[in-house]
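What's in final-v2.txt: compact mmCIF, C-alpha atoms
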```
# COMPACT_ATOMS: atom_id res chain seq x y z
CA MET A 59 70.56 79.69 56.96
CA PHE A 60 71.48 82.77 58.88
CA SER A 61 70.19 84.46 61.95
CA GLN A 62 69.66 88.17 62.30
CA ASN A 63 68.80 90.52 65.16
CA ARG A 64 65.51 92.29 64.50
CA LEU A 65 63.91 95.27 66.19
CA ALA A 66 61.13 94.15 68.55
CA LEU A 67 57.73 95.72 69.23
CA ALA A 68 58.72 96.18 72.89
CA GLU A 69 61.58 98.49 71.85
CA ALA A 70 59.30 100.42 69.53
CA GLU A 71 56.78 100.86 72.34
CA ARG A 72 59.50 102.20 74.66
CA ALA A 73 60.41 104.76 72.01
CA ARG A 74 56.73 105.67 71.53
CA ASP A 75 56.24 106.30 75.25
CA ALA A 76 59.42 108.39 75.53
CA VAL A 77 58.53 110.56 72.54
CA LEU A 78 54.97 111.20 73.74
CA ALA A 79 56.27 112.07 77.23
CA ALA A 80 58.79 114.54 75.75
CA LEU A 81 56.24 116.59 73.82
CA THR A 82 55.52 120.08 75.12
CA PRO A 83 52.54 122.41 74.60
CA ASN A 84 54.67 124.26 72.04
CA ASP A 85 54.84 121.19 69.81
CA ASN A 86 52.40 120.63 66.97
CA PRO A 87 50.52 117.32 66.84
CA VAL A 88 53.11 114.81 65.63
CA ALA A 89 53.43 111.59 63.69
CA LEU A 90 55.87 108.83 64.64
CA ALA A 91 57.07 105.93 62.50
CA ILE A 92 59.31 103.05 63.54
CA ALA A 93 60.38 100.55 60.88
CA ASP A 94 62.43 97.38 60.74
CA ASP A 95 65.64 97.01 58.73
CA HIS A 96 63.61 96.51 55.53
CA GLY A 97 61.74 99.75 56.15
CA VAL A 98 58.51 97.90 56.97
CA PRO A 99 56.56 99.65 59.76
CA ILE A 100 56.52 98.16 63.25
CA LEU A 101 54.63 101.04 64.86
CA LEU A 102 52.88 104.04 63.33
CA LEU A 103 51.17 106.79 65.29
CA ARG A 104 49.44 110.04 64.35
CA GLN A 105 48.25 112.39 67.07
CA ASP A 106 44.82 114.01 66.91
CA GLY A 107 44.98 116.97 64.55
CA ALA A 108 48.19 115.94 62.77
CA PRO A 109 47.60 116.07 58.99
CA THR A 110 47.88 112.80 57.06
CA ARG A 111 50.98 114.03 55.25
CA MET A 112 52.87 114.05 58.55
CA LEU A 113 52.60 110.29 58.87
CA SER A 114 53.45 109.84 55.17
CA ARG A 115 56.61 111.86 55.76
CA ALA A 116 57.50 110.03 58.97
CA ARG A 117 57.06 106.69 57.19
CA ALA A 118 59.31 107.84 54.35
CA LYS A 119 61.96 109.12 56.75
CA ALA A 120 62.01 105.89 58.77
CA TYR A 121 62.12 103.85 55.55
CA THR A 122 65.00 105.92 54.21
CA ALA A 123 67.05 105.68 57.40
CA ALA A 124 66.45 101.93 57.72
CA THR A 125 67.03 100.85 54.14
CA LEU A 126 70.04 103.10 53.43
CA GLY A 127 71.51 102.83 56.93
CA LEU A 128 71.85 106.62 57.00
CA ASP A 129 70.20 109.35 59.03
CA THR A 130 68.11 111.31 56.53
CA VAL A 131 70.09 114.51 57.10
CA VAL A 132 73.34 112.62 56.34
CA PHE A 133 71.76 111.17 53.20
CA ARG A 134 70.72 114.67 52.14
CA ASP A 135 74.03 116.41 52.84
CA GLN A 136 76.63 113.76 52.05
CA HIS A 137 74.97 111.66 49.37
CA VAL A 138 72.44 113.81 47.50
CA ASN A 139 73.55 117.42 47.80
CA ALA A 140 77.30 116.73 47.92
CA THR A 141 77.19 114.78 44.66
CA TRP A 142 74.80 117.18 42.88
CA ARG A 143 72.27 114.44 42.40
CA SER A 144 68.53 114.26 43.02
CA LEU A 145 66.39 111.61 44.68
CA ASN A 146 65.47 110.32 41.22
CA ASP A 147 68.92 108.76 40.91
CA TRP A 148 68.03 106.26 43.62
CA GLY A 149 64.91 105.05 41.80
CA ASP A 150 62.90 104.48 44.96
CA PRO A 151 59.81 106.66 45.48
CA MET A 152 59.79 106.00 49.23
CA LEU A 153 63.13 107.76 49.81
CA THR A 154 63.24 111.27 51.24
CA THR A 155 65.90 113.80 52.19
CA LEU A 156 63.73 115.42 54.88
CA GLN A 157 65.51 115.69 58.23
CA GLY A 158 64.06 113.72 61.13
CA GLY A 159 64.77 110.08 60.27
CA LEU A 160 67.42 108.21 62.27
CA VAL A 161 69.05 104.82 61.84
CA VAL A 162 68.45 102.32 64.62
CA ARG A 163 71.54 100.18 65.21
CA SER A 164 72.36 97.27 67.45
CA GLY A 165 76.15 97.53 67.60
CA GLU A 166 77.18 97.99 63.99
CA THR A 167 74.11 96.31 62.57
CA VAL A 168 71.25 98.37 61.17
CA VAL A 169 68.04 97.01 62.68
CA GLY A 170 65.60 99.76 61.69
CA GLY A 171 64.69 103.41 61.48
CA ILE A 172 62.78 105.88 63.66
CA ALA A 173 61.31 109.13 62.42
CA MET A 174 59.14 112.02 63.51
CA SER A 175 57.18 114.62 61.62
CA GLY A 176 54.93 117.50 62.59
CA ASN A 177 57.30 120.19 63.83
CA SER A 178 60.38 121.84 62.33
CA THR A 179 62.70 119.23 60.88
CA THR A 180 65.32 119.94 63.57
CA ARG A 181 62.72 119.44 66.31
CA ASP A 182 61.55 116.29 64.51
CA GLU A 183 65.10 114.95 64.64
CA ALA A 184 65.54 115.91 68.32
CA LEU A 185 62.35 114.01 69.21
CA ALA A 186 63.46 111.01 67.16
CA HIS A 187 66.73 111.01 69.14
CA ILE A 188 64.70 110.80 72.38
CA GLY A 189 62.88 107.76 71.02
CA LEU A 190 66.11 106.19 69.81
CA ARG A 191 67.74 106.56 73.23
CA ALA A 192 64.70 105.06 74.94
CA MET A 193 65.00 101.90 72.85
CA ASP A 194 68.15 101.20 74.88
CA LEU A 195 69.62 98.89 72.25
CA ARG A 196 72.76 97.04 73.17
CA PRO A 197 74.99 95.14 70.77
CA MET B 8 31.21 124.07 57.39
CA ILE B 9 30.51 120.52 58.52
CA SER B 10 31.99 118.60 61.40
CA GLN B 11 33.05 115.00 61.04
CA LEU B 12 33.65 112.57 63.87
CA SER B 13 36.92 110.66 63.73
CA VAL B 14 38.53 108.01 65.85
CA ASP B 15 41.22 109.66 68.00
CA LEU B 16 44.60 108.28 69.04
CA HIS B 17 43.36 107.32 72.51
CA ASP B 18 40.49 105.25 71.11
CA ALA B 19 42.70 103.73 68.41
CA ARG B 20 45.22 102.52 71.00
CA LEU B 21 42.39 101.17 73.15
CA ALA B 22 41.01 99.18 70.21
CA VAL B 23 44.43 97.76 69.33
CA ASP B 24 45.00 96.75 72.97
CA ALA B 25 41.60 95.00 72.98
CA VAL B 26 42.64 92.95 69.94
CA LEU B 27 45.95 92.03 71.55
CA ASP B 28 44.16 91.02 74.77
CA ALA B 29 41.77 88.80 72.82
CA ALA B 30 44.54 87.01 70.89
CA ARG B 31 45.80 83.85 72.52
CA SER B 32 49.53 83.69 73.22
CA SER B 33 49.71 80.53 71.11
CA GLU B 34 48.39 82.38 68.06
CA LYS B 35 50.51 83.68 65.23
CA PRO B 36 51.73 87.28 65.55
CA LEU B 37 49.41 89.96 64.21
CA ALA B 38 49.49 93.29 62.47
CA ILE B 39 46.72 95.67 63.54
CA SER B 40 45.81 98.98 61.95
CA VAL B 41 43.31 101.70 62.86
CA VAL B 42 42.50 104.41 60.32
CA ASP B 43 40.37 107.57 60.31
CA PRO B 44 37.26 108.04 58.10
CA GLY B 45 39.53 109.01 55.20
CA GLY B 46 41.42 105.72 55.52
CA ASN B 47 44.57 107.36 56.90
CA VAL B 48 46.49 105.54 59.64
CA VAL B 49 46.02 106.79 63.19
CA TYR B 50 47.72 103.89 64.98
CA GLN B 51 49.26 100.70 63.67
CA LEU B 52 51.52 98.05 65.12
CA ARG B 53 53.11 94.77 64.17
CA GLN B 54 53.86 92.06 66.70
CA ASP B 55 57.27 90.41 66.57
CA GLY B 56 57.32 87.90 63.75
CA ALA B 57 54.36 89.24 61.76
CA SER B 58 55.29 89.77 58.11
CA SER B 59 55.32 92.82 55.88
CA VAL B 60 52.39 91.25 54.01
CA ASP B 61 50.40 91.26 57.26
CA VAL B 62 51.19 94.95 57.71
CA ARG B 63 49.93 95.70 54.20
CA HIS B 64 46.78 93.61 54.60
CA ALA B 65 45.92 95.04 58.04
CA GLU B 66 46.14 98.56 56.68
CA ARG B 67 44.15 97.72 53.51
CA LYS B 68 41.45 95.97 55.55
CA ALA B 69 41.13 98.97 57.88
CA TYR B 70 41.11 101.31 54.87
CA THR B 71 38.33 99.29 53.21
CA GLY B 72 36.23 99.25 56.39
CA ALA B 73 36.41 103.05 56.59
CA TYR B 74 36.21 103.85 52.88
CA ILE B 75 33.38 101.49 51.94
CA GLY B 76 31.56 101.83 55.26
CA ARG B 77 31.01 98.07 55.47
CA ASP B 78 32.93 95.28 57.12
CA THR B 79 35.12 93.57 54.52
CA SER B 80 33.36 90.18 54.81
CA MET B 81 29.92 91.75 54.39
CA TRP B 82 31.16 93.82 51.46
CA ARG B 83 32.56 90.66 49.86
CA LEU B 84 29.15 88.99 50.04
CA GLN B 85 27.53 92.06 48.57
CA ILE B 86 29.82 92.34 45.55
CA LEU B 87 29.67 88.56 44.97
CA HIS B 88 25.88 88.84 44.98
CA ASP B 89 26.05 91.74 42.53
CA GLY B 90 28.41 89.84 40.23
CA ARG B 91 31.18 92.40 40.63
CA THR B 92 34.81 92.18 41.71
CA VAL B 93 36.89 94.53 43.81
CA ALA B 94 38.53 95.75 40.58
CA ASP B 95 35.32 97.61 39.68
CA TRP B 96 36.13 100.21 42.33
CA ALA B 97 39.44 101.10 40.62
CA ASN B 98 41.12 101.56 43.98
CA PRO B 99 44.13 99.33 44.69
CA ASN B 100 43.84 99.90 48.45
CA LEU B 101 40.53 98.03 48.67
CA THR B 102 40.32 94.38 49.69
CA THR B 103 37.61 91.82 50.41
CA LEU B 104 39.85 89.78 52.74
CA HIS B 105 37.97 89.25 55.99
CA GLY B 106 39.23 91.12 59.05
CA GLY B 107 38.36 94.75 58.32
CA TRP B 108 35.68 96.40 60.45
CA THR B 109 33.96 99.73 60.07
CA LEU B 110 34.12 101.83 63.23
CA ARG B 111 30.97 103.83 63.87
CA ARG B 112 29.71 106.33 66.42
CA ASP B 113 26.08 107.49 66.37
CA GLY B 114 25.69 105.84 62.98
CA ALA B 115 28.55 107.77 61.39
CA VAL B 116 31.73 106.13 60.16
CA ILE B 117 34.58 107.27 62.42
CA GLY B 118 37.24 104.94 61.00
CA GLY B 119 38.23 101.37 60.26
CA LEU B 120 40.14 98.60 62.00
CA GLY B 121 42.05 95.81 60.26
CA VAL B 122 43.74 92.69 61.56
CA SER B 123 45.99 90.30 59.66
CA GLY B 124 48.39 87.53 60.61
CA SER B 125 46.39 84.82 62.38
CA GLY B 126 46.61 82.59 59.31
CA ASP B 127 42.81 82.39 59.05
CA GLU B 128 40.91 85.38 57.71
CA ASP B 129 37.82 84.49 59.76
CA ARG B 130 39.95 84.53 62.91
CA ASP B 131 41.35 87.88 61.79
CA GLU B 132 37.76 89.04 61.60
CA GLN B 133 36.88 87.73 65.08
CA LEU B 134 39.87 89.56 66.52
CA ALA B 135 39.07 92.78 64.65
CA LEU B 136 35.56 92.61 66.07
CA LYS B 137 37.01 92.64 69.59
CA GLY B 138 38.65 95.97 68.84
CA ALA B 139 35.45 97.41 67.35
CA GLU B 140 33.46 96.16 70.35
CA ALA B 141 35.87 97.85 72.75
CA LEU B 142 35.19 101.17 71.04
CA ALA B 143 31.45 100.54 71.02
CA GLY B 144 31.65 99.83 74.75
CA LEU B 145 33.44 103.14 75.21
CA ALA B 146 30.66 104.91 73.32
CA VAL B 147 27.98 103.33 75.48
CA ALA B 148 29.84 104.34 78.65
CA ALA B 149 30.14 107.92 77.38
CA TRP B 150 26.46 107.98 76.49
CA ARG B 151 25.50 106.74 79.95
CA ALA B 152 27.78 109.30 81.60
CA GLN B 153 26.11 112.06 79.58
CA ARG B 154 22.59 110.78 80.07
CA ASN B 155 22.44 110.17 83.81
CA PRO B 156 23.36 113.69 85.01
CA VAL B 157 20.74 115.17 82.64
CA ARG B 158 18.05 112.96 84.15
CA ILE B 159 19.04 114.01 87.65
CA ARG B 160 18.91 117.68 86.68
CA ASP B 161 15.53 117.18 85.00
CA ARG B 162 14.10 115.65 88.17
CA SER B 163 15.42 118.42 90.42
CA ALA B 164 13.95 121.06 88.08
CA ARG B 165 10.50 119.65 88.66
```
Go ahead and render the structure in this file as structure tokens.
Amino acid sequence: MFSQNRLALAEAERARDAVLAALTPNDNPVALAIADDHGVPILLLRQDGAPTRMLSRARAKAYTAATLGLDTVVFRDQHVNATWRSLNDWGDPMLTTLQGGLVVRSGETVVGGIAMSGNSTTRDEALAHIGLRAMDLRP
Amino acid sequence: MISQLSVDLHDARLAVDAVLDAARSSEKPLAISVVDPGGNVVYQLRQDGASSVDVRHAERKAYTGAYIGRDTSMWRLQILHDGRTVADWANPNLTTLHGGWTLRRDGAVIGGLGVSGSGDEDRDEQLALKGAEALAGLAVAAWRAQRNPVRIRDRSAR
């Protein structure tokens, strides 16, 4: 037997509210995905007018960050591009190198992933950071 | 060009909240999914302790409600009656597990709602119905709000 800290719905809802409050009229309609440490969704959201692919991307980004324990941009730069490999080497069709997925940690432990899609990938990541901070996770 | 009604994020969150309000605190944790008419997720959440299987089933139930245009339990009866199985549709996202409701407005399919996790598919269905009813109540309120001012204007014109 072992016990493990898991990300709770209450934390995901705090992130949701912070992200929605941070959106400006300049933002496109967005999709938000928050997953547990296995990459399984806790909360998915797609704003009116956001194409379906935005939520598919957000899900993939959150899954990637959670299961690899790496922000997607770090995975892209330090693990895929730096080693001249492609995503095929990982053998997992849910993985993505698109920026905008962040690891959620409690102390040193990976407890999930949060990701945005809908705007530029840098804006996606900035919004995901706002959600991550709002979770207010302590070790 | 054609226009198609779709459940929006506001309504989807309202429906999910209605399901959560209807669930007793002693019940097992749920996964709830609301999809648009194309079966694509608009809003989905998983209560603490609900499993990844519940997440998958909730989404597949909602997808089926929207895609088939029938509640999953009614669709199950229909295909049993016809001597078919879900495999005949050649779509792995479809399910006949109870707990998927078609969301409609003015007769048109605007999405689907799926619930999984209660441990009893008929209870999943009861809870999903609460979400669908909340949206139907919203539609009736909107209809009344539209209708009453028109009547008043009509009277004054006479």
Please provide as a PyMOL selection string all residues within 9 Å of A:Phe133, with the sequence filter that same-chain residues fewer than 4 positions apart are discarded (counting only C-alpha atoms). chain A and resi 122-123+126+128-129+137-139+154-155
Output C-alpha atoms for every residue in that selection, as a PDB file, in the frame of the given file.
```
ATOM      1  CA  THR A 122      65.000 105.920  54.210  1.00  0.00           C
ATOM      2  CA  ALA A 123      67.050 105.680  57.400  1.00  0.00           C
ATOM      3  CA  LEU A 126      70.040 103.100  53.430  1.00  0.00           C
ATOM      4  CA  LEU A 128      71.850 106.620  57.000  1.00  0.00           C
ATOM      5  CA  ASP A 129      70.200 109.350  59.030  1.00  0.00           C
ATOM      6  CA  HIS A 137      74.970 111.660  49.370  1.00  0.00           C
ATOM      7  CA  VAL A 138      72.440 113.810  47.500  1.00  0.00           C
ATOM      8  CA  ASN A 139      73.550 117.420  47.800  1.00  0.00           C
ATOM      9  CA  THR A 154      63.240 111.270  51.240  1.00  0.00           C
ATOM     10  CA  THR A 155      65.900 113.800  52.190  1.00  0.00           C
TER      11      THR A 155
END
```
Quick one: contact table of chain A to chain B, 12 Å max, nearest atom pair and distance in Å to one decimal per residue, counting all atoms listed in the file, chain and number order, as CSV?
```
residue,atom,partner,partner_atom,distance
A:Asn63,CA,B:Asp55,CA,11.6
A:Arg64,CA,B:Asp55,CA,8.7
A:Leu65,CA,B:Asp55,CA,8.2
A:Ala66,CA,B:Asp55,CA,5.7
A:Leu67,CA,B:Gln54,CA,5.9
A:Ala68,CA,B:Asp55,CA,8.7
A:Glu69,CA,B:Asp55,CA,10.6
A:Ala70,CA,B:Leu52,CA,9.3
A:Glu71,CA,B:Leu52,CA,9.4
A:Arg74,CA,B:Leu52,CA,11.2
A:Leu78,CA,B:Leu16,CA,11.8
A:Pro87,CA,B:Leu16,CA,11.0
A:Val88,CA,B:Val49,CA,11.0
A:Ala89,CA,B:Val49,CA,8.8
A:Leu90,CA,B:Tyr50,CA,9.5
A:Ala91,CA,B:Gln51,CA,9.5
A:Ile92,CA,B:Leu52,CA,9.4
A:Ala93,CA,B:Arg53,CA,9.9
A:Asp94,CA,B:Ser59,CA,9.7
A:Asp95,CA,B:Ser59,CA,11.5
A:His96,CA,B:Ser59,CA,9.1
A:Gly97,CA,B:Ser59,CA,9.5
A:Val98,CA,B:Ser59,CA,6.1
A:Pro99,CA,B:Val62,CA,7.4
A:Ile100,CA,B:Arg53,CA,4.9
A:Leu101,CA,B:Leu52,CA,4.3
A:Leu102,CA,B:Gln51,CA,4.9
A:Leu103,CA,B:Tyr50,CA,4.5
A:Arg104,CA,B:Val49,CA,4.9
A:Gln105,CA,B:Leu16,CA,5.8
A:Asp106,CA,B:Asp15,CA,5.8
A:Gly107,CA,B:Asp15,CA,8.9
A:Ala108,CA,B:Val49,CA,9.4
A:Pro109,CA,B:Asn47,CA,9.5
A:Thr110,CA,B:Asn47,CA,6.4
A:Arg111,CA,B:Asn47,CA,9.4
A:Met112,CA,B:Val48,CA,10.7
A:Leu113,CA,B:Val48,CA,7.8
A:Ser114,CA,B:Val48,CA,9.3
A:Ala116,CA,B:Val48,CA,11.9
A:Arg117,CA,B:Val48,CA,10.9
```
Next on the checklist: Could you check the closest approach to A:Asp182 for each of A:Arg163, A:Arg72, A:Lys119, A:Arg143 and tell me which residue wins, using only C-alpha atoms?
Outcome noted: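 Between A:Arg163, A:Arg72, A:Lys119, A:Arg143, the residue approaching A:Asp182 most closely is A:Lys119.
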Could you check which of B:Ala152, B:Ala30, B:Ala97, B:Leu104 is closest to B:Gln133, using all atoms listed in the file?
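Of B:Ala152, B:Ala30, B:Ala97, B:Leu104, the one nearest B:Gln133 is B:Ala30, counting all atoms listed in the file.
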Counting all atoms listed in the file, which residues have an atom no more than 7 Å from (38.3, 88.5, 56.9) in the file's coordinates? Please list them as a ChimeraX atom specification. /B:79-80,104-107,128-129,131-132
Practice problem: Work out how far apart atom CA of B:Met81 and atom CA of B:Thr109 are and give it in Å to one decimal. | Solution: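 Taking atom CA of B:Met81 and atom CA of B:Thr109, their separation equals 10.6 Å.
When atom CA of B:Leu84 is paired with atom CA of B:Gly114, their separation reads 21.5 Å.
Pairwise distance (atom CA of A:Val168, atom CA of B:Leu27) equals 28.1 Å.
In terms of minimum interatomic distance to A:Asn84, A:Arg181 ranks closest within A:Met193, A:Ile188, A:Arg181, A:Met152, counting all atoms listed in the file.
Comparing A:Thr180, A:Thr125, A:Gln136, A:Ser144 by their smallest distance to A:Gln157, the closest is A:Thr180 (using all atoms listed in the file).
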Residue with the minimum atom-to-atom distance to B:Tyr70, picked from B:Gly124, B:Pro36, B:Gly90, B:Gly119 with all atoms listed in the file counted, is B:Gly119
N, CA and C atoms for stretch 128-141 of chain B, written as an mmCIF file, keeping the file's coordinate frame, could you do that?
```cif
data_model
loop_
_atom_site.group_PDB
_atom_site.id
_atom_site.type_symbol
_atom_site.label_atom_id
_atom_site.label_comp_id
_atom_site.auth_asym_id
_atom_site.auth_seq_id
_atom_site.Cartn_x
_atom_site.Cartn_y
_atom_site.Cartn_z
ATOM 1 N N GLU B 128 41.525 84.053 57.829
ATOM 2 C CA GLU B 128 40.910 85.380 57.710
ATOM 3 C C GLU B 128 39.663 85.518 58.583
ATOM 4 N N ASP B 129 38.979 84.389 58.875
ATOM 5 C CA ASP B 129 37.820 84.490 59.760
ATOM 6 C C ASP B 129 38.253 84.761 61.198
ATOM 7 N N ARG B 130 39.408 84.208 61.587
ATOM 8 C CA ARG B 130 39.950 84.530 62.910
ATOM 9 C C ARG B 130 40.403 85.990 62.955
ATOM 10 N N ASP B 131 41.004 86.453 61.872
ATOM 11 C CA ASP B 131 41.350 87.880 61.790
ATOM 12 C C ASP B 131 40.100 88.720 62.047
ATOM 13 N N GLU B 132 38.995 88.282 61.456
ATOM 14 C CA GLU B 132 37.760 89.040 61.600
ATOM 15 C C GLU B 132 37.244 89.016 63.038
ATOM 16 N N GLN B 133 37.304 87.831 63.669
ATOM 17 C CA GLN B 133 36.880 87.730 65.080
ATOM 18 C C GLN B 133 37.689 88.691 65.953
ATOM 19 N N LEU B 134 38.994 88.718 65.702
ATOM 20 C CA LEU B 134 39.870 89.560 66.520
ATOM 21 C C LEU B 134 39.598 91.045 66.258
ATOM 22 N N ALA B 135 39.375 91.387 64.988
ATOM 23 C CA ALA B 135 39.070 92.780 64.650
ATOM 24 C C ALA B 135 37.782 93.220 65.334
ATOM 25 N N LEU B 136 36.826 92.301 65.414
ATOM 26 C CA LEU B 136 35.560 92.610 66.070
ATOM 27 C C LEU B 136 35.772 92.978 67.532
ATOM 28 N N LYS B 137 36.730 92.324 68.189
ATOM 29 C CA LYS B 137 37.010 92.640 69.590
ATOM 30 C C LYS B 137 37.432 94.101 69.744
ATOM 31 N N GLY B 138 38.233 94.572 68.801
ATOM 32 C CA GLY B 138 38.650 95.970 68.840
ATOM 33 C C GLY B 138 37.480 96.913 68.619
ATOM 34 N N ALA B 139 36.618 96.567 67.637
ATOM 35 C CA ALA B 139 35.450 97.410 67.350
ATOM 36 C C ALA B 139 34.494 97.410 68.538
ATOM 37 N N GLU B 140 34.345 96.251 69.182
ATOM 38 C CA GLU B 140 33.460 96.160 70.350
ATOM 39 C C GLU B 140 33.970 97.013 71.506
ATOM 40 N N ALA B 141 35.288 97.047 71.666
ATOM 41 C CA ALA B 141 35.870 97.850 72.750
ATOM 42 C C ALA B 141 35.506 99.316 72.560
#
```
